[in-house]
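Source file: start.pdb; contents: PDB, C-alpha atoms.
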MODEL        1
ATOM      1  CA  MET A1233     -76.360 -33.586  -5.855  1.00  0.00           C
ATOM      2  CA  THR A1234     -77.686 -32.245  -2.556  1.00  0.00           C
ATOM      3  CA  ASP A1235     -81.057 -31.434  -4.115  1.00  0.00           C
ATOM      4  CA  VAL A1236     -81.359 -35.028  -5.314  1.00  0.00           C
ATOM      5  CA  LEU A1237     -80.510 -36.347  -1.843  1.00  0.00           C
ATOM      6  CA  ARG A1238     -83.192 -34.165  -0.275  1.00  0.00           C
ATOM      7  CA  GLU A1239     -85.754 -35.393  -2.804  1.00  0.00           C
ATOM      8  CA  ALA A1240     -84.785 -38.976  -2.014  1.00  0.00           C
ATOM      9  CA  PHE A1241     -84.561 -38.912   1.768  1.00  0.00           C
ATOM     10  CA  GLU A1242     -86.928 -36.252   3.072  1.00  0.00           C
ATOM     11  CA  PRO A1243     -90.068 -38.048   1.787  1.00  0.00           C
ATOM     12  CA  ALA A1244     -88.722 -41.177   3.530  1.00  0.00           C
ATOM     13  CA  GLY A1245     -88.683 -39.332   6.851  1.00  0.00           C
ATOM     14  CA  TYR A1246     -85.000 -38.412   7.060  1.00  0.00           C
ATOM     15  CA  THR A1247     -83.303 -35.033   7.407  1.00  0.00           C
ATOM     16  CA  LEU A1248     -79.878 -34.138   6.009  1.00  0.00           C
ATOM     17  CA  GLU A1249     -77.127 -32.264   7.794  1.00  0.00           C
ATOM     18  CA  ILE A1250     -74.452 -31.117   5.349  1.00  0.00           C
ATOM     19  CA  GLU A1251     -70.929 -30.166   6.405  1.00  0.00           C
ATOM     20  CA  MET A1252     -68.285 -28.905   3.985  1.00  0.00           C
ATOM     21  CA  LEU A1253     -64.851 -30.507   4.320  1.00  0.00           C
ATOM     22  CA  PRO A1254     -61.779 -30.833   2.082  1.00  0.00           C
ATOM     23  CA  TYR A1255     -62.316 -33.771  -0.256  1.00  0.00           C
ATOM     24  CA  VAL A1256     -59.707 -36.161   1.149  1.00  0.00           C
ATOM     25  CA  ARG A1257     -60.800 -35.506   4.745  1.00  0.00           C
ATOM     26  CA  ALA A1258     -64.454 -35.925   3.754  1.00  0.00           C
ATOM     27  CA  VAL A1259     -63.802 -39.344   2.214  1.00  0.00           C
ATOM     28  CA  ASN A1260     -61.849 -40.468   5.285  1.00  0.00           C
ATOM     29  CA  SER A1261     -64.611 -39.214   7.563  1.00  0.00           C
ATOM     30  CA  VAL A1262     -67.198 -41.319   5.754  1.00  0.00           C
ATOM     31  CA  GLN A1263     -64.975 -44.378   5.633  1.00  0.00           C
ATOM     32  CA  ASP A1264     -64.458 -44.317   9.405  1.00  0.00           C
ATOM     33  CA  GLY A1265     -68.115 -43.605  10.157  1.00  0.00           C
ATOM     34  CA  THR A1266     -67.780 -40.046  11.475  1.00  0.00           C
ATOM     35  CA  HIS A1267     -70.230 -39.010   8.747  1.00  0.00           C
ATOM     36  CA  ASP A1268     -72.939 -41.178   7.217  1.00  0.00           C
ATOM     37  CA  GLY A1269     -72.210 -40.392   3.591  1.00  0.00           C
ATOM     38  CA  ILE A1270     -70.531 -38.113   1.074  1.00  0.00           C
ATOM     39  CA  VAL A1271     -72.581 -36.142  -1.420  1.00  0.00           C
ATOM     40  CA  VAL A1272     -70.207 -36.570  -4.365  1.00  0.00           C
ATOM     41  CA  VAL A1273     -67.434 -39.128  -4.705  1.00  0.00           C
ATOM     42  CA  GLY A1274     -65.905 -41.486  -7.243  1.00  0.00           C
ATOM     43  CA  GLN A1275     -66.047 -45.234  -6.770  1.00  0.00           C
ATOM     44  CA  ASP A1276     -62.428 -45.636  -7.885  1.00  0.00           C
ATOM     45  CA  TYR A1277     -61.227 -43.255  -5.190  1.00  0.00           C
ATOM     46  CA  ALA A1278     -63.335 -44.745  -2.378  1.00  0.00           C
ATOM     47  CA  PRO A1279     -64.168 -48.346  -3.349  1.00  0.00           C
ATOM     48  CA  GLY A1280     -65.050 -49.318   0.229  1.00  0.00           C
ATOM     49  CA  LEU A1281     -68.168 -47.150   0.460  1.00  0.00           C
ATOM     50  CA  VAL A1282     -71.716 -48.378  -0.152  1.00  0.00           C
ATOM     51  CA  TYR A1283     -73.143 -47.034  -3.414  1.00  0.00           C
ATOM     52  CA  PRO A1284     -76.490 -46.795  -5.208  1.00  0.00           C
ATOM     53  CA  ASP A1285     -76.927 -48.696  -8.470  1.00  0.00           C
ATOM     54  CA  GLY A1286     -75.729 -45.814 -10.618  1.00  0.00           C
ATOM     55  CA  PRO A1287     -74.352 -42.271 -10.603  1.00  0.00           C
ATOM     56  CA  THR A1288     -76.438 -39.141 -10.328  1.00  0.00           C
ATOM     57  CA  VAL A1289     -74.672 -37.413 -13.233  1.00  0.00           C
ATOM     58  CA  VAL A1290     -71.801 -38.076 -15.648  1.00  0.00           C
ATOM     59  CA  GLN A1291     -69.424 -35.340 -16.759  1.00  0.00           C
ATOM     60  CA  ARG A1292     -65.929 -34.675 -18.044  1.00  0.00           C
ATOM     61  CA  VAL A1293     -63.038 -32.727 -16.561  1.00  0.00           C
ATOM     62  CA  ALA A1294     -62.662 -29.347 -18.269  1.00  0.00           C
ATOM     63  CA  PHE A1295     -59.440 -27.421 -18.869  1.00  0.00           C
ATOM     64  CA  LEU A1296     -60.417 -23.882 -17.909  1.00  0.00           C
ATOM     65  CA  VAL A1297     -58.536 -20.809 -19.134  1.00  0.00           C
ATOM     66  CA  ASN A1298     -59.088 -17.068 -19.140  1.00  0.00           C
ATOM     67  CA  ALA A1299     -61.016 -15.764 -22.138  1.00  0.00           C
ATOM     68  CA  GLY A1300     -58.597 -14.615 -24.797  1.00  0.00           C
ATOM     69  CA  THR A1301     -55.993 -17.247 -23.951  1.00  0.00           C
ATOM     70  CA  SER A1302     -54.856 -18.963 -27.148  1.00  0.00           C
ATOM     71  CA  TRP A1303     -53.666 -22.193 -25.476  1.00  0.00           C
ATOM     72  CA  ARG A1304     -55.831 -25.289 -25.987  1.00  0.00           C
ATOM     73  CA  TYR A1305     -55.524 -28.760 -24.541  1.00  0.00           C
ATOM     74  CA  THR A1306     -54.809 -31.268 -27.304  1.00  0.00           C
ATOM     75  CA  GLY A1307     -53.231 -33.985 -25.197  1.00  0.00           C
ATOM     76  CA  VAL A1308     -50.603 -34.330 -22.493  1.00  0.00           C
ATOM     77  CA  ALA A1309     -47.842 -32.980 -24.746  1.00  0.00           C
ATOM     78  CA  SER A1310     -49.680 -29.649 -24.952  1.00  0.00           C
ATOM     79  CA  LEU A1311     -49.264 -29.168 -21.172  1.00  0.00           C
ATOM     80  CA  ALA A1312     -45.502 -28.619 -21.382  1.00  0.00           C
ATOM     81  CA  PRO A1313     -45.632 -24.789 -21.650  1.00  0.00           C
ATOM     82  CA  VAL A1314     -48.393 -24.173 -19.083  1.00  0.00           C
ATOM     83  CA  LYS A1315     -48.945 -24.283 -15.313  1.00  0.00           C
ATOM     84  CA  VAL A1316     -51.855 -26.501 -14.291  1.00  0.00           C
ATOM     85  CA  GLY A1317     -53.956 -26.116 -11.144  1.00  0.00           C
ATOM     86  CA  ILE A1318     -55.329 -29.344  -9.641  1.00  0.00           C
ATOM     87  CA  VAL A1319     -56.915 -30.451  -6.361  1.00  0.00           C
ATOM     88  CA  GLN A1320     -55.376 -32.948  -3.943  1.00  0.00           C
ATOM     89  CA  GLY A1321     -57.291 -36.223  -4.018  1.00  0.00           C
ATOM     90  CA  TYR A1322     -59.164 -35.595  -7.267  1.00  0.00           C
ATOM     91  CA  HIS A1323     -59.014 -38.216  -9.998  1.00  0.00           C
ATOM     92  CA  TYR A1324     -58.424 -36.828 -13.499  1.00  0.00           C
ATOM     93  CA  VAL A1325     -59.741 -39.804 -15.433  1.00  0.00           C
ATOM     94  CA  ASP A1326     -57.392 -40.158 -18.426  1.00  0.00           C
ATOM     95  CA  SER A1327     -54.470 -42.435 -17.553  1.00  0.00           C
ATOM     96  CA  ASP A1328     -51.897 -40.398 -19.499  1.00  0.00           C
ATOM     97  CA  LEU A1329     -53.037 -37.180 -17.819  1.00  0.00           C
ATOM     98  CA  ILE A1330     -52.946 -38.805 -14.383  1.00  0.00           C
ATOM     99  CA  ASN A1331     -49.399 -40.028 -15.035  1.00  0.00           C
ATOM    100  CA  TYR A1332     -48.264 -36.582 -16.180  1.00  0.00           C
ATOM    101  CA  LEU A1333     -49.727 -34.828 -13.133  1.00  0.00           C
ATOM    102  CA  GLU A1334     -48.154 -37.364 -10.790  1.00  0.00           C
ATOM    103  CA  GLN A1335     -44.749 -36.985 -12.432  1.00  0.00           C
ATOM    104  CA  GLU A1336     -44.861 -33.184 -12.360  1.00  0.00           C
ATOM    105  CA  ARG A1337     -46.700 -32.506  -9.079  1.00  0.00           C
ATOM    106  CA  SER A1338     -43.463 -31.595  -7.301  1.00  0.00           C
ATOM    107  CA  ASN A1339     -42.582 -29.129 -10.085  1.00  0.00           C
ATOM    108  CA  GLU A1340     -44.409 -25.949  -9.077  1.00  0.00           C
ATOM    109  CA  ALA A1341     -43.646 -24.392 -12.462  1.00  0.00           C
ATOM    110  CA  ARG A1342     -45.906 -26.979 -14.119  1.00  0.00           C
ATOM    111  CA  VAL A1343     -48.383 -28.231 -11.507  1.00  0.00           C
ATOM    112  CA  HIS A1344     -49.899 -26.424  -8.531  1.00  0.00           C
ATOM    113  CA  VAL A1345     -51.699 -28.738  -6.095  1.00  0.00           C
ATOM    114  CA  MET A1346     -54.520 -27.203  -4.057  1.00  0.00           C
ATOM    115  CA  HIS A1347     -55.625 -28.406  -0.618  1.00  0.00           C
ATOM    116  CA  GLY A1348     -58.409 -27.425   1.752  1.00  0.00           C
ATOM    117  CA  ASP A1349     -61.857 -25.907   1.323  1.00  0.00           C
ATOM    118  CA  SER A1350     -63.630 -24.116  -1.546  1.00  0.00           C
ATOM    119  CA  THR A1351     -61.161 -25.409  -4.112  1.00  0.00           C
ATOM    120  CA  THR A1352     -63.335 -24.645  -7.159  1.00  0.00           C
ATOM    121  CA  ASN A1353     -63.695 -20.981  -6.229  1.00  0.00           C
ATOM    122  CA  ARG A1354     -60.055 -20.660  -5.218  1.00  0.00           C
ATOM    123  CA  GLY A1355     -58.835 -22.384  -8.372  1.00  0.00           C
ATOM    124  CA  LEU A1356     -60.868 -20.083 -10.589  1.00  0.00           C
ATOM    125  CA  ARG A1357     -59.576 -17.021  -8.744  1.00  0.00           C
ATOM    126  CA  MET A1358     -56.007 -18.254  -9.153  1.00  0.00           C
ATOM    127  CA  LEU A1359     -56.742 -18.554 -12.853  1.00  0.00           C
ATOM    128  CA  GLN A1360     -58.186 -15.033 -13.036  1.00  0.00           C
ATOM    129  CA  THR A1361     -55.066 -13.590 -11.389  1.00  0.00           C
ATOM    130  CA  ASP A1362     -52.777 -15.531 -13.763  1.00  0.00           C
ATOM    131  CA  ARG A1363     -51.185 -17.597 -11.007  1.00  0.00           C
ATOM    132  CA  ILE A1364     -51.966 -20.664 -13.125  1.00  0.00           C
ATOM    133  CA  THR A1365     -52.576 -21.049 -16.869  1.00  0.00           C
ATOM    134  CA  THR A1366     -55.341 -23.643 -16.689  1.00  0.00           C
ATOM    135  CA  PHE A1367     -57.480 -25.080 -13.903  1.00  0.00           C
ATOM    136  CA  LEU A1368     -58.850 -28.629 -14.066  1.00  0.00           C
ATOM    137  CA  GLU A1369     -62.391 -29.076 -12.745  1.00  0.00           C
ATOM    138  CA  GLY A1370     -65.576 -30.984 -13.490  1.00  0.00           C
ATOM    139  CA  GLU A1371     -67.446 -29.002 -16.130  1.00  0.00           C
ATOM    140  CA  TYR A1372     -70.721 -28.742 -14.196  1.00  0.00           C
ATOM    141  CA  SER A1373     -69.001 -27.641 -10.989  1.00  0.00           C
ATOM    142  CA  ALA A1374     -66.973 -25.047 -12.856  1.00  0.00           C
ATOM    143  CA  MET A1375     -69.914 -23.550 -14.744  1.00  0.00           C
ATOM    144  CA  TYR A1376     -72.024 -23.359 -11.583  1.00  0.00           C
ATOM    145  CA  GLU A1377     -69.246 -21.604  -9.651  1.00  0.00           C
ATOM    146  CA  LEU A1378     -68.586 -19.181 -12.511  1.00  0.00           C
ATOM    147  CA  ASP A1379     -72.282 -18.278 -12.539  1.00  0.00           C
ATOM    148  CA  LYS A1380     -72.162 -17.553  -8.805  1.00  0.00           C
ATOM    149  CA  MET A1381     -69.057 -15.405  -9.312  1.00  0.00           C
ATOM    150  CA  GLY A1382     -70.655 -13.546 -12.227  1.00  0.00           C
ATOM    151  CA  ALA A1383     -67.677 -14.593 -14.322  1.00  0.00           C
ATOM    152  CA  ARG A1384     -69.194 -16.942 -16.898  1.00  0.00           C
ATOM    153  CA  ASP A1385     -67.920 -14.786 -19.780  1.00  0.00           C
ATOM    154  CA  THR A1386     -64.398 -14.346 -18.437  1.00  0.00           C
ATOM    155  CA  VAL A1387     -63.370 -18.018 -18.296  1.00  0.00           C
ATOM    156  CA  VAL A1388     -63.721 -20.521 -21.144  1.00  0.00           C
ATOM    157  CA  ILE A1389     -63.142 -24.227 -21.679  1.00  0.00           C
ATOM    158  CA  ALA A1390     -59.950 -25.031 -23.584  1.00  0.00           C
ATOM    159  CA  GLY A1391     -60.517 -28.771 -23.813  1.00  0.00           C
ATOM    160  CA  HIS A1392     -61.811 -31.816 -21.988  1.00  0.00           C
ATOM    161  CA  THR A1393     -60.512 -35.147 -20.814  1.00  0.00           C
ATOM    162  CA  THR A1394     -61.235 -37.979 -23.222  1.00  0.00           C
ATOM    163  CA  GLU A1395     -62.946 -40.051 -20.558  1.00  0.00           C
ATOM    164  CA  ALA A1396     -65.862 -39.022 -18.358  1.00  0.00           C
ATOM    165  CA  PHE A1397     -66.345 -39.507 -14.645  1.00  0.00           C
ATOM    166  CA  GLU A1398     -69.411 -40.513 -12.693  1.00  0.00           C
ATOM    167  CA  ASP A1399     -70.632 -38.480  -9.712  1.00  0.00           C
ATOM    168  CA  TYR A1400     -71.905 -40.866  -7.040  1.00  0.00           C
ATOM    169  CA  THR A1401     -73.187 -40.423  -3.518  1.00  0.00           C
ATOM    170  CA  GLY A1402     -71.485 -42.935  -1.214  1.00  0.00           C
ATOM    171  CA  PHE A1403     -72.512 -44.148   2.232  1.00  0.00           C
ATOM    172  CA  SER A1404     -70.407 -45.214   5.174  1.00  0.00           C
ATOM    173  CA  PRO A1405     -69.861 -48.980   5.521  1.00  0.00           C
ATOM    174  CA  GLN A1406     -69.884 -48.348   9.281  1.00  0.00           C
ATOM    175  CA  HIS A1407     -73.549 -47.314   9.237  1.00  0.00           C
ATOM    176  CA  PRO A1408     -76.010 -50.182   9.836  1.00  0.00           C
ATOM    177  CA  LYS A1409     -78.465 -48.686   7.321  1.00  0.00           C
ATOM    178  CA  ALA A1410     -75.950 -47.979   4.551  1.00  0.00           C
ATOM    179  CA  VAL A1411     -77.410 -50.593   2.198  1.00  0.00           C
ATOM    180  CA  GLN A1412     -80.914 -49.285   2.896  1.00  0.00           C
ATOM    181  CA  PHE A1413     -79.772 -45.713   2.186  1.00  0.00           C
ATOM    182  CA  ALA A1414     -78.244 -46.813  -1.117  1.00  0.00           C
ATOM    183  CA  ARG A1415     -81.476 -48.561  -2.098  1.00  0.00           C
ATOM    184  CA  ILE A1416     -83.589 -45.505  -1.264  1.00  0.00           C
ATOM    185  CA  LEU A1417     -81.358 -43.349  -3.457  1.00  0.00           C
ATOM    186  CA  SER A1418     -81.236 -45.915  -6.283  1.00  0.00           C
ATOM    187  CA  ASP A1419     -85.015 -46.135  -6.435  1.00  0.00           C
ATOM    188  CA  ARG A1420     -85.486 -42.383  -6.300  1.00  0.00           C
ATOM    189  CA  LEU A1421     -82.861 -41.736  -8.969  1.00  0.00           C
ATOM    190  CA  THR A1422     -84.684 -44.122 -11.296  1.00  0.00           C
ATOM    191  CA  GLU A1423     -87.903 -42.175 -10.724  1.00  0.00           C
ATOM    192  CA  LEU A1424     -86.239 -38.780 -11.167  1.00  0.00           C
ATOM    193  CA  LYS A1425     -84.609 -39.792 -14.443  1.00  0.00           C
ATOM    194  CA  LYS A1426     -87.740 -41.381 -15.903  1.00  0.00           C
ATOM    195  CA  SER A1427     -89.962 -38.442 -14.974  1.00  0.00           C
ATOM    196  CA  GLY A1428     -87.540 -35.791 -16.220  1.00  0.00           C
ATOM    197  CA  ARG A1429     -87.307 -34.326 -12.740  1.00  0.00           C
ATOM    198  CA  LEU A1430     -83.517 -34.835 -12.621  1.00  0.00           C
ATOM    199  CA  ALA A1431     -83.149 -32.805 -15.820  1.00  0.00           C
ATOM    200  CA  ASP A1432     -85.293 -30.083 -14.219  1.00  0.00           C
ATOM    201  CA  ILE A1433     -83.001 -29.978 -11.180  1.00  0.00           C
ATOM    202  CA  LEU A1434     -79.899 -29.708 -13.376  1.00  0.00           C
ATOM    203  CA  ARG A1435     -81.440 -26.910 -15.440  1.00  0.00           C
ATOM    204  CA  ARG A1436     -81.850 -24.831 -12.278  1.00  0.00           C
ATOM    205  CA  TYR A1437     -78.055 -24.682 -12.180  1.00  0.00           C
ATOM    206  CA  GLY A1438     -77.630 -23.922 -15.868  1.00  0.00           C
ATOM    207  CA  ILE A1439     -76.728 -27.515 -16.705  1.00  0.00           C
ATOM    208  CA  THR A1440     -78.080 -29.460 -19.645  1.00  0.00           C
ATOM    209  CA  ALA A1441     -76.758 -32.979 -19.177  1.00  0.00           C
ATOM    210  CA  GLU A1442     -75.824 -34.690 -22.407  1.00  0.00           C
ATOM    211  CA  PRO A1443     -75.682 -38.483 -22.318  1.00  0.00           C
ATOM    212  CA  VAL A1444     -72.061 -39.645 -22.266  1.00  0.00           C
ATOM    213  CA  PRO A1445     -71.294 -42.728 -24.386  1.00  0.00           C
ATOM    214  CA  GLU A1446     -70.636 -45.768 -22.232  1.00  0.00           C
ATOM    215  CA  SER A1447     -67.184 -46.109 -23.779  1.00  0.00           C
ATOM    216  CA  GLU A1448     -66.281 -42.679 -22.405  1.00  0.00           C
ATOM    217  CA  GLN A1449     -67.432 -43.257 -18.848  1.00  0.00           C
ATOM    218  CA  ALA A1450     -65.115 -43.857 -15.904  1.00  0.00           C
ATOM    219  CA  ASP A1451     -65.817 -44.117 -12.183  1.00  0.00           C
ATOM    220  CA  VAL A1452     -64.225 -41.087 -10.723  1.00  0.00           C
ATOM    221  CA  LYS A1453     -65.103 -38.351  -8.421  1.00  0.00           C
ATOM    222  CA  GLU A1454     -64.965 -34.974  -7.112  1.00  0.00           C
ATOM    223  CA  ALA A1455     -66.580 -33.415  -4.145  1.00  0.00           C
ATOM    224  CA  GLU A1456     -66.176 -32.179  -0.689  1.00  0.00           C
ATOM    225  CA  THR A1457     -69.463 -32.709   1.133  1.00  0.00           C
ATOM    226  CA  PRO A1458     -70.056 -35.394   3.719  1.00  0.00           C
ATOM    227  CA  VAL A1459     -73.607 -35.842   4.942  1.00  0.00           C
ATOM    228  CA  ASP A1460     -75.305 -37.186   8.026  1.00  0.00           C
ATOM    229  CA  ILE A1461     -78.744 -38.766   7.722  1.00  0.00           C
ATOM    230  CA  GLU A1462     -81.064 -38.757  10.702  1.00  0.00           C
TER     231      GLU A1462
ENDMDL
END
Hey, can you dump this file as structure tokens for me?
Amino acid sequence: MTDVLREAFEPAGYTLEIEMLPYVRAVNSVQDGTHDGIVVVGQDYAPGLVYPDGPTVVQRVAFLVNAGTSWRYTGVASLAPVKVGIVQGYHYVDSDLINYLEQERSNEARVHVMHGDSTTNRGLRMLQTDRITTFLEGEYSAMYELDKMGARDTVVIAGHTTEAFEDYTGFSPQHPKAVQFARILSDRLTELKKSGRLADILRRYGITAEPVPESEQADVKEAETPVDIE
């Protein structure tokens, strides 16, 4: 997502300053104008931001487990015997899953809610040390982090959400150029997708994006990176 922003804004004469914050704080910081934008966010979670015409990528939430674990996600009922790791502020797309997590979030035996920074790395490490049975994360984010950790073979996907979520970049409604920023990104995304350049960027991170059927798409989010544009 950051690579795409650089390709969009640097040729237009802007520079990006990226600061990592916990997701909820990052969204609030963009909404109040402290930061100019957030690298990755879902429209449902932050409807007041200014968005480009479409998302950068579309993906599903993966249920991650340690290799060798027999448990598989086959629906909300299959969560009863396991402890799930989730991140505060993230949207988990499927309405039945969202309802389950909300109902059980105060039950530490079933749901562990993470706060703060570096949640993908921390969630995967909690999984590796058996403090949770499964960790919920966007598939692309999870695979990228596992590659960095050198742990791609030790953690596997035990299922996905039915619906997909769309990764957007959102801009602060407090910034006088927010609409202009959204237009710059919209135009550049169109060019990157048509030319195949977006696919090239994704491949650098070990991602081959498969088109998600429109019926399986949902405006969601997940990210922790506000951005200032100067």
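Applied to the file shown here, the PyMOL selection byres ((chain A and resi 1437) around 9) selects the residues A:Tyr1372, A:Met1375, A:Tyr1376, A:Asp1379, A:Ile1433, A:Leu1434, A:Arg1435, A:Arg1436, A:Gly1438, A:Ile1439, A:Thr1440.
Taking CA of Leu1296 in chain A as the reference point, CA of Val1316 in chain A is found at 9.7 Å.
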Could you list, as a ChimeraX atom specification, every residue matched by the PyMOL selection byres ((chain A and resi 1387-1401) around 8) in this structure?
/A:1233,1269-1275,1283-1284,1286-1299,1303-1306,1324-1326,1360,1378,1383-1386,1402-1403,1444,1448-1454
Test item: residues at most 9 Å from range 1410-1416 of chain A, all atoms listed in the file, excluding those fewer than 3 positions along its chain, as a PyMOL selection string
chain A and resi 1240-1241+1244+1268-1269+1281-1285+1401-1407+1419-1421+1461
(-51.3, -25.0, -14.5) in this file's frame - what residues fall within 10 Å of it? Use all atoms listed in the file and give the answer as a PyMOL selection string.
chain A and resi 1295-1297+1311-1318+1340-1345+1358-1359+1362-1368
CA of Tyr1255 in chain A and CA of Asn1331 in chain A, how far apart in Å?
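Answer for the CA of Asn1331 in chain A to CA of Tyr1255 in chain A separation: 20.6 Å.
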What does the distance from CA of Thr1234 in chain A to CA of Ser1418 in chain A come to in Å, to one decimal?
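Answer for the CA of Thr1234 in chain A to CA of Ser1418 in chain A separation: 14.6 Å.
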Proximity to Gly1382 in chain A - best of A:Pro1408, A:Leu1333, A:Gly1348, A:Asn1353, all atoms listed in the file:
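Under the stated criterion, the closest residue is A:Asn1353.
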Mind filling out range 1285-1292 of chain A with all heavy atoms and sending it as an mmCIF file, keeping the file's coordinate frame?
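As a result, selection11.cif now contains:
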data_model
loop_
_atom_site.group_PDB
_atom_site.id
_atom_site.type_symbol
_atom_site.label_atom_id
_atom_site.label_comp_id
_atom_site.auth_asym_id
_atom_site.auth_seq_id
_atom_site.Cartn_x
_atom_site.Cartn_y
_atom_site.Cartn_z
ATOM 1 N N ASP A 1285 -77.158 -47.915 -7.246
ATOM 2 C CA ASP A 1285 -76.927 -48.696 -8.470
ATOM 3 C C ASP A 1285 -76.210 -47.919 -9.561
ATOM 4 O O ASP A 1285 -75.545 -48.515 -10.417
ATOM 5 C CB ASP A 1285 -78.265 -49.215 -9.021
ATOM 6 C CG ASP A 1285 -78.917 -50.225 -8.093
ATOM 7 O OD1 ASP A 1285 -78.198 -50.811 -7.256
ATOM 8 O OD2 ASP A 1285 -80.143 -50.408 -8.193
ATOM 9 N N GLY A 1286 -76.352 -46.606 -9.564
ATOM 10 C CA GLY A 1286 -75.729 -45.814 -10.618
ATOM 11 C C GLY A 1286 -75.425 -44.413 -10.144
ATOM 12 O O GLY A 1286 -75.824 -44.003 -9.050
ATOM 13 N N PRO A 1287 -74.703 -43.648 -10.968
ATOM 14 C CA PRO A 1287 -74.352 -42.271 -10.603
ATOM 15 C C PRO A 1287 -75.535 -41.330 -10.765
ATOM 16 O O PRO A 1287 -76.504 -41.637 -11.466
ATOM 17 C CB PRO A 1287 -73.252 -41.933 -11.605
ATOM 18 C CG PRO A 1287 -73.637 -42.717 -12.819
ATOM 19 C CD PRO A 1287 -74.197 -44.021 -12.296
ATOM 20 N N THR A 1288 -75.427 -40.175 -10.135
ATOM 21 C CA THR A 1288 -76.438 -39.141 -10.328
ATOM 22 C C THR A 1288 -76.234 -38.435 -11.658
ATOM 23 O O THR A 1288 -77.173 -38.229 -12.419
ATOM 24 C CB THR A 1288 -76.393 -38.124 -9.173
ATOM 25 O OG1 THR A 1288 -76.629 -38.816 -7.934
ATOM 26 C CG2 THR A 1288 -77.461 -37.053 -9.350
ATOM 27 N N VAL A 1289 -75.000 -38.049 -11.948
ATOM 28 C CA VAL A 1289 -74.672 -37.413 -13.233
ATOM 29 C C VAL A 1289 -73.317 -37.918 -13.721
ATOM 30 O O VAL A 1289 -72.531 -38.468 -12.952
ATOM 31 C CB VAL A 1289 -74.629 -35.864 -13.130
ATOM 32 C CG1 VAL A 1289 -76.009 -35.302 -12.870
ATOM 33 C CG2 VAL A 1289 -73.641 -35.411 -12.072
ATOM 34 N N VAL A 1290 -73.074 -37.720 -15.017
ATOM 35 C CA VAL A 1290 -71.801 -38.076 -15.648
ATOM 36 C C VAL A 1290 -71.278 -36.824 -16.339
ATOM 37 O O VAL A 1290 -72.023 -36.128 -17.029
ATOM 38 C CB VAL A 1290 -71.995 -39.212 -16.678
ATOM 39 C CG1 VAL A 1290 -70.669 -39.560 -17.346
ATOM 40 C CG2 VAL A 1290 -72.601 -40.448 -16.011
ATOM 41 N N GLN A 1291 -70.000 -36.533 -16.135
ATOM 42 C CA GLN A 1291 -69.424 -35.340 -16.759
ATOM 43 C C GLN A 1291 -67.954 -35.577 -17.054
ATOM 44 O O GLN A 1291 -67.379 -36.596 -16.685
ATOM 45 C CB GLN A 1291 -69.606 -34.116 -15.852
ATOM 46 C CG GLN A 1291 -68.981 -34.266 -14.474
ATOM 47 C CD GLN A 1291 -69.155 -33.022 -13.617
ATOM 48 O OE1 GLN A 1291 -68.923 -31.887 -14.066
ATOM 49 N NE2 GLN A 1291 -69.578 -33.219 -12.388
ATOM 50 N N ARG A 1292 -67.356 -34.607 -17.742
ATOM 51 C CA ARG A 1292 -65.929 -34.675 -18.044
ATOM 52 C C ARG A 1292 -65.184 -33.570 -17.299
ATOM 53 O O ARG A 1292 -65.773 -32.560 -16.909
ATOM 54 C CB ARG A 1292 -65.679 -34.556 -19.542
ATOM 55 C CG ARG A 1292 -66.129 -35.768 -20.335
ATOM 56 C CD ARG A 1292 -65.746 -35.638 -21.797
ATOM 57 N NE ARG A 1292 -66.442 -34.530 -22.456
ATOM 58 C CZ ARG A 1292 -66.176 -34.105 -23.684
ATOM 59 N NH1 ARG A 1292 -65.213 -34.674 -24.378
ATOM 60 N NH2 ARG A 1292 -66.857 -33.115 -24.217
#
